[in-house]
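Step one of this worksheet: look at the structure below.
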Amino acid sequence: MAVTYRRGNSGKTDNEFAKMHNREAMMQWDDARMFLAFAREGSFSAAAKRLGVQHSTVSRRIHSLEKGLATPLLERSSTGYVLTEAGESLRDSATKIEQELLSFEVASAGKDDEASGELRVTAIANMASSILMPLFSRFIAAYPKIKLSVQVTNDSVRLAERDADVALRQTNTPGESLVGTRLASVASAVYGSTEYCAALADGRVSEKWLGVDCCDYHRAWTKQASPQMDPTFCVDETSLTIAALKEGLGVGYLPCFLGDGEPTLMRFREPEKQHELGLWLLYHRDLRGTKRVLLFRRHMQQEIKKISALLEGQVPDQ
């Protein structure tokens, strides 16, 4: 649900708004941060999910803000909550404060002679829990004073608002506002169980496709490959795709770095160039001089190069 911003005549004088801004200056930043998350997400539940807190916590802190400021920040509408004029003013002020704090943090981190502090990295689950985990392990061994926090999500992440410092993403269209390094190409192929593929080849079973909904890419490729088929079994996560393929429930797309590592699976169709995705390391341009970001980028470039053949779906020489 999107937040609708409205402007109107609230009846407040300039002096009353000045008093309100003075109270804003004395408020706790954590309360303002929660309000800003609500203004961006449009609901208490979405803001709570983004901040990693309870729905009730966001609601309670915003109501506390309204009480402290002696003015309503939200009001109900036919589509949910909307920001009042005071809410809009607070949103703008909180955004400026956030930008100043982030700029100070970046400037301070860039001056450190020794790499330290927290580095927040987001990556998709199937990579983070498999091929990337050894790379993360070697990074913290090399730089023990850096606290590496890894978040897994397939959703877009707001690097500009510092939901994370660095994002590892499979895409061919990285965001224009981000600084990016293409680490490798990631190939996908169609896989099935060895037994199921053999039965297909002998004509003992008919061809069935899994309904794969783990990402936009695999969803679109599956529809292109089997436009006439109505899948009887659907999955929304890569580990479920692997489990379903092992059970012989059909064929489906998998990244080669996962499919080739499963001994009971085989390629039903070989990788195609049109199904290659770039593996990108992305961060906001303001972080380009931050030492821990630069060290992580260099580390990942070196480590990914060692496993590029696996990512690209190259079959080792027998």
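We name chains A, B, ... following the order of the structure tokens; residues begin at 1 in each chain, and ligands are numbered from 1 as shown.
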
Check range 152-317 of chain A with DSSP on the backbone and list each residue it calls alpha helix (DSSP H), as a compact mmCIF listing (two decimals) with C-alpha atoms, in the first residue's frame.
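The file below, result20.txt, is the result:
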# COMPACT_ATOMS: atom_id res chain seq x y z
CA THR A 194 18.56 -38.88 -13.76
CA GLU A 195 15.74 -41.44 -13.55
CA TYR A 196 13.09 -39.02 -14.80
CA CYS A 197 15.22 -37.87 -17.74
CA ALA A 198 15.91 -41.51 -18.68
CA ALA A 199 12.18 -42.27 -18.57
CA LEU A 200 11.52 -39.24 -20.78
CA ALA A 201 14.10 -40.42 -23.30
CA ASP A 216 11.40 -13.17 -12.07
CA TYR A 217 14.01 -14.70 -14.39
CA HIS A 218 13.26 -18.38 -13.80
CA ARG A 219 9.51 -17.65 -13.81
CA ALA A 220 9.73 -15.96 -17.23
CA TRP A 221 12.05 -18.58 -18.71
CA THR A 222 9.75 -21.39 -17.56
CA LYS A 223 6.74 -19.76 -19.23
CA GLN A 224 8.72 -19.33 -22.45
CA ALA A 225 9.91 -22.94 -22.41
CA THR A 238 15.44 -22.79 -5.08
CA SER A 239 15.95 -25.45 -2.41
CA LEU A 240 12.37 -26.59 -3.03
CA THR A 241 13.07 -26.75 -6.77
CA ILE A 242 16.00 -29.08 -6.09
CA ALA A 243 13.93 -31.27 -3.76
CA ALA A 244 11.07 -31.51 -6.28
CA LEU A 245 13.43 -32.37 -9.14
CA LYS A 246 14.98 -35.14 -7.06
CA CYS A 256 24.37 -24.42 -12.87
CA PHE A 257 26.42 -23.88 -9.71
CA LEU A 258 23.61 -25.64 -7.85
CA GLY A 259 22.33 -28.13 -10.42
CA LYS A 291 38.00 1.04 3.29
CA ARG A 292 36.00 -1.99 4.39
CA VAL A 293 33.87 -1.79 1.22
CA LEU A 294 36.96 -1.55 -0.97
CA LEU A 295 38.57 -4.50 0.81
CA PHE A 296 35.43 -6.60 0.43
CA ARG A 297 35.16 -5.75 -3.26
CA ARG A 298 38.78 -6.71 -3.89
CA HIS A 299 38.39 -9.93 -1.90
CA MET A 300 35.25 -10.96 -3.81
CA GLN A 301 36.81 -10.18 -7.19
CA GLN A 302 39.75 -12.46 -6.41
CA GLU A 303 37.66 -15.25 -4.91
CA ILE A 304 34.92 -15.27 -7.56
CA LYS A 305 37.55 -15.51 -10.29
CA LYS A 306 38.60 -18.88 -8.82
CA SER A 308 34.05 -18.56 -12.42
CA ALA A 309 33.93 -21.84 -14.38
CA LEU A 310 31.40 -23.26 -11.91
CA LEU A 311 29.25 -20.13 -12.14

State, in Å with one decimal place, the distance from CA of Val235 in chain A to CA of Leu51 in chain A.
27.5 Å

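Shortest separation to Gly248 in chain A among A:Ser206, A:Ser116, A:Ser64, A:Gln314 occurs at residue A:Ser206, atoms counted being only C-alpha atoms.
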
Of the candidates A:Leu279, A:Val58, A:Ala48, A:Ile124, which shows the shortest atom-to-atom distance to Cys215 in chain A, using only C-alpha atoms?
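Of all the options, A:Ile124 lies closest to Cys215 in chain A.
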
List every residue of range 18-265 of chain A that DSSP, applied to the backbone of this structure, assigns to strand (DSSP E), and report them as a ChimeraX atom specification.
/A:74-77,80-83,117-123,146-152,166-171,178-186,188-193,211-212,234-235,252-255,265

Find the residues around Arg169 in chain A up to 9 Å (only C-alpha atoms counted), leave out those fewer than 5 positions away in its own chain, and share them as a JSON list (two decimals) with C-alpha atoms, in the first residue's frame.
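Final output, saved to out-v5.json:
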[["chain", "number", "residue", "atom", "x", "y", "z"],
["A", 122, "THR", "CA", 22.89, -8.69, 1.26],
["A", 123, "ALA", "CA", 22.86, -11.68, -1.09],
["A", 124, "ILE", "CA", 20.29, -14.10, -2.47],
["A", 154, "ASN", "CA", 15.70, -11.88, -3.26],
["A", 174, "PRO", "CA", 22.06, -2.85, -12.11],
["A", 278, "GLY", "CA", 25.65, -10.98, -14.37],
["A", 279, "LEU", "CA", 26.78, -11.44, -10.78],
["A", 280, "TRP", "CA", 27.23, -7.89, -9.53],
["A", 281, "LEU", "CA", 28.71, -6.42, -6.38],
["A", 282, "LEU", "CA", 26.80, -3.16, -5.88]]

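Of the listed residues (A:Met34, A:Ile131, A:Val53, A:Val166), A:Val166 comes nearest to Thr290 in chain A; the distances count only C-alpha atoms.
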
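Every protein or nucleic acid residue with an atom no more than 9 Å from Glu312 in chain A, counting only C-alpha atoms and leaving out same-chain residues fewer than 4 positions away, appears here: A:Ala184, A:Ser185, A:Val186, A:Ala187, A:Ser188, A:Cys256, A:Phe257, A:Pro271, A:Glu276, A:Ile307, A:Ser308.
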
Pull N, CA and C atoms from the residues just selected and write them as an mmCIF file, in the first residue's frame.
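Written output follows (result_27.cif):
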data_model
loop_
_atom_site.group_PDB
_atom_site.id
_atom_site.type_symbol
_atom_site.label_atom_id
_atom_site.label_comp_id
_atom_site.auth_asym_id
_atom_site.auth_seq_id
_atom_site.Cartn_x
_atom_site.Cartn_y
_atom_site.Cartn_z
ATOM 1 N N ALA A 184 31.128 -11.912 -12.392
ATOM 2 C CA ALA A 184 31.118 -13.116 -13.227
ATOM 3 C C ALA A 184 29.776 -13.195 -13.950
ATOM 4 N N SER A 185 29.654 -14.190 -14.831
ATOM 5 C CA SER A 185 28.377 -14.523 -15.453
ATOM 6 C C SER A 185 27.855 -15.793 -14.798
ATOM 7 N N VAL A 186 26.544 -15.819 -14.532
ATOM 8 C CA VAL A 186 25.922 -16.974 -13.891
ATOM 9 C C VAL A 186 24.999 -17.652 -14.899
ATOM 10 N N ALA A 187 25.277 -18.911 -15.208
ATOM 11 C CA ALA A 187 24.488 -19.668 -16.182
ATOM 12 C C ALA A 187 23.421 -20.493 -15.477
ATOM 13 N N SER A 188 22.310 -20.691 -16.172
ATOM 14 C CA SER A 188 21.257 -21.591 -15.698
ATOM 15 C C SER A 188 20.952 -22.603 -16.793
ATOM 16 N N CYS A 256 23.468 -23.273 -12.684
ATOM 17 C CA CYS A 256 24.370 -24.421 -12.872
ATOM 18 C C CYS A 256 25.239 -24.689 -11.651
ATOM 19 N N PHE A 257 25.569 -23.645 -10.878
ATOM 20 C CA PHE A 257 26.418 -23.878 -9.708
ATOM 21 C C PHE A 257 25.701 -24.717 -8.663
ATOM 22 N N PRO A 271 22.787 -24.964 -20.929
ATOM 23 C CA PRO A 271 22.656 -23.514 -20.730
ATOM 24 C C PRO A 271 22.614 -22.774 -22.068
ATOM 25 N N GLU A 276 21.924 -16.130 -19.340
ATOM 26 C CA GLU A 276 23.033 -15.751 -18.457
ATOM 27 C C GLU A 276 22.695 -14.460 -17.718
ATOM 28 N N ILE A 307 36.216 -19.406 -8.983
ATOM 29 C CA ILE A 307 35.079 -20.315 -9.198
ATOM 30 C C ILE A 307 34.236 -19.874 -10.400
ATOM 31 N N SER A 308 34.813 -19.074 -11.274
ATOM 32 C CA SER A 308 34.052 -18.556 -12.417
ATOM 33 C C SER A 308 33.561 -19.676 -13.335
#

Could you work out how far CA of Arg40 in chain A lies from CA of Thr95 in chain A, giving the answer in Å with one decimal?
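Spanning CA of Thr95 in chain A to CA of Arg40 in chain A is a straight-line distance of 10.4 Å.
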
Give me the residues near Asp260 in chain A as a list in words, where near means some atom within 9 Å (using only C-alpha atoms) and where sequence neighbours in that chain fewer than 5 positions away do not count.
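Once the nearby chain positions are removed, what remains is Tyr191, Pro255, Leu265, Met266, Arg267, Leu310, Gly313 and Val315 of chain A.
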